[in-house]
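Student: Encoded as structure tokens, here's the structure I'll be asking about.
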Amino acid sequence: MSVQERKERERADRERLIVATARELAEQQGWDAVTTRRLAERIEYSQPVLYSHFRGKREIIGAVALQGAAEMAAAVRAAASAADGPRTRVTALARAYLDFAEHNPAVYDAMFQLDGGLAFAREDTPEPLKDAFAALLESLGEVAGEGVHPALFTEVFWAALHGLATLTRAGRLPPGEAERRTELLVDRLAVL
């Protein structure tokens, strides 16, 4: 391995450490606790080293969001591929999405609530975000209904899932009805 290759590998390792540490700190204490100073202390590098990877917290949030999008896409695809038939696929997709949001609240916030400097629904949208949408579209497109554009249907279904995830987490919906809400969403929106 050349010196240059070793330096690139070390740089990539440091970047992964920064993102993992930010994510861990955000999940434990919230995003307000994530500062470049605290990150530098936790990873045992100076702040200038941290700034050589990310210009600030906004870019770190963006990196966590991209990582989360890839993880969510994988979870949704795994759940949908394990199901048989359109109805069970869509139900499995909805459950996987809501489970991801529930079990990764700081990552979900980075993806959809905080400013990570990422473009959504544009030409310059990063690939992991496009792929996360594609993971939803793969199963939802088949249940959009006649005359309904699959991507538009996916946006509406996604918005409903996001609303359920956000309202549930905020304690705005009565507990104990999550399964019935998921079933209602699938029954009323999807053409099965």
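Here's how to read the names in the structure tokens: chain A, B, ... by the order shown, residue numbers from 1 in each chain, ligand numbers from 1 in the order shown.
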If we count only C-alpha atoms, what is near Glu142 in chain A at a cut-off of 12 Å, once residues fewer than 3 positions away on the same chain are taken out, given as a list in words?

Tutor: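 Counting only the stated atoms, we get Gly85, Pro86, Arg87, Arg89, Val90, Leu136, Leu137, Glu138, Ser139, Gly145, Glu146, Gly147, Val148, His149, Pro150, Ala151, Phe153, Thr154, Ala190, Val191 and Leu192 of chain A.
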
Student: What lies within 12 Å of Gly56 in chain A using only C-alpha atoms, ignoring chain neighbours under 6 positions off, as a ChimeraX atom specification?

Tutor: /A:18-19,22,34-37,39-40,47-50,62-63,115-117

Student: Nearest to Trp31 in chain A among A:Met1, A:His103, A:Glu15, A:Leu114, with distances taken over only C-alpha atoms: which residue is it?

Tutor: A:Leu114

Student: Please report the interatomic distance between CA of Leu161 in chain A and CA of Ala101 in chain A in Å with one decimal.

Tutor: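 These atoms are spaced 9.7 Å apart.
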
Student: Env of Glu179 in chain A: 10 Å cut, atoms = only C-alpha atoms, seq-sep filter 6 positions within chain, self excluded. Answer as number ranges by chain.

Tutor: A: 91, 95, 185

Student: Please, which residues of range 3-192 of chain A, numbered as in this document, come out helix (DSSP H, G or I) from DSSP, as a PyMOL selection string?

Tutor: chain A and resi 3-29+31-33+36-43+47-51+57-81+86-103+105-112+127-143+150-169+178-189

Student: Between A:Leu118, A:Leu167, A:Ser46, A:Pro126, which is the closest to Glu59 in chain A once you count only C-alpha atoms?

Tutor: A:Leu118

Student: Show me, as a ChimeraX atom specification, the residues that have an atom within 9 Å of Ala106 in chain A when counting only C-alpha atoms, minus same-chain residues fewer than 6 positions from it.

Tutor: /A:23-24,26-28,30-31

Student: For each of A:Ala160, A:Ala65, A:Ala20, A:Val76, take the minimum atom-to-atom distance to Ala119 in chain A, counting only C-alpha atoms, then give the residue where this is smallest.

Tutor: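 Ranking A:Ala160, A:Ala65, A:Ala20, A:Val76 by distance to Ala119 in chain A, first place goes to A:Ala65.
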
Student: May I have the residues within 9 Å of Lys130 in chain A as a PDB file with N, CA and C atoms, in the first residue's frame, using only C-alpha atoms and disregarding those fewer than 3 positions away in the same chain?

Tutor:
ATOM      1  N   ALA A  69     -30.406   7.544   4.963  1.00  0.00           N
ATOM      2  CA  ALA A  69     -31.196   7.260   3.765  1.00  0.00           C
ATOM      3  C   ALA A  69     -30.830   5.897   3.192  1.00  0.00           C
ATOM      4  N   PHE A 120     -33.383  18.099  -2.063  1.00  0.00           N
ATOM      5  CA  PHE A 120     -34.398  17.070  -2.234  1.00  0.00           C
ATOM      6  C   PHE A 120     -35.198  17.375  -3.493  1.00  0.00           C
ATOM      7  N   ALA A 121     -35.589  16.310  -4.192  1.00  0.00           N
ATOM      8  CA  ALA A 121     -36.485  16.418  -5.346  1.00  0.00           C
ATOM      9  C   ALA A 121     -35.962  17.378  -6.409  1.00  0.00           C
ATOM     10  N   THR A 125     -30.002  16.220  -6.290  1.00  0.00           N
ATOM     11  CA  THR A 125     -30.264  15.426  -5.085  1.00  0.00           C
ATOM     12  C   THR A 125     -29.220  14.315  -4.989  1.00  0.00           C
ATOM     13  N   PRO A 126     -28.589  14.154  -3.836  1.00  0.00           N
ATOM     14  CA  PRO A 126     -27.588  13.090  -3.687  1.00  0.00           C
ATOM     15  C   PRO A 126     -28.189  11.703  -3.923  1.00  0.00           C
ATOM     16  N   GLU A 127     -27.384  10.822  -4.457  1.00  0.00           N
ATOM     17  CA  GLU A 127     -27.839   9.480  -4.833  1.00  0.00           C
ATOM     18  C   GLU A 127     -28.501   8.697  -3.691  1.00  0.00           C
ATOM     19  N   PHE A 133     -35.962   7.117  -2.047  1.00  0.00           N
ATOM     20  CA  PHE A 133     -37.262   7.316  -2.695  1.00  0.00           C
ATOM     21  C   PHE A 133     -37.560   6.160  -3.647  1.00  0.00           C
ATOM     22  N   ALA A 134     -36.555   5.720  -4.376  1.00  0.00           N
ATOM     23  CA  ALA A 134     -36.736   4.591  -5.301  1.00  0.00           C
ATOM     24  C   ALA A 134     -37.152   3.334  -4.551  1.00  0.00           C
ATOM     25  N   ALA A 135     -36.631   3.144  -3.346  1.00  0.00           N
ATOM     26  CA  ALA A 135     -37.004   1.971  -2.548  1.00  0.00           C
ATOM     27  C   ALA A 135     -38.496   1.993  -2.209  1.00  0.00           C
TER      28      ALA A 135
END
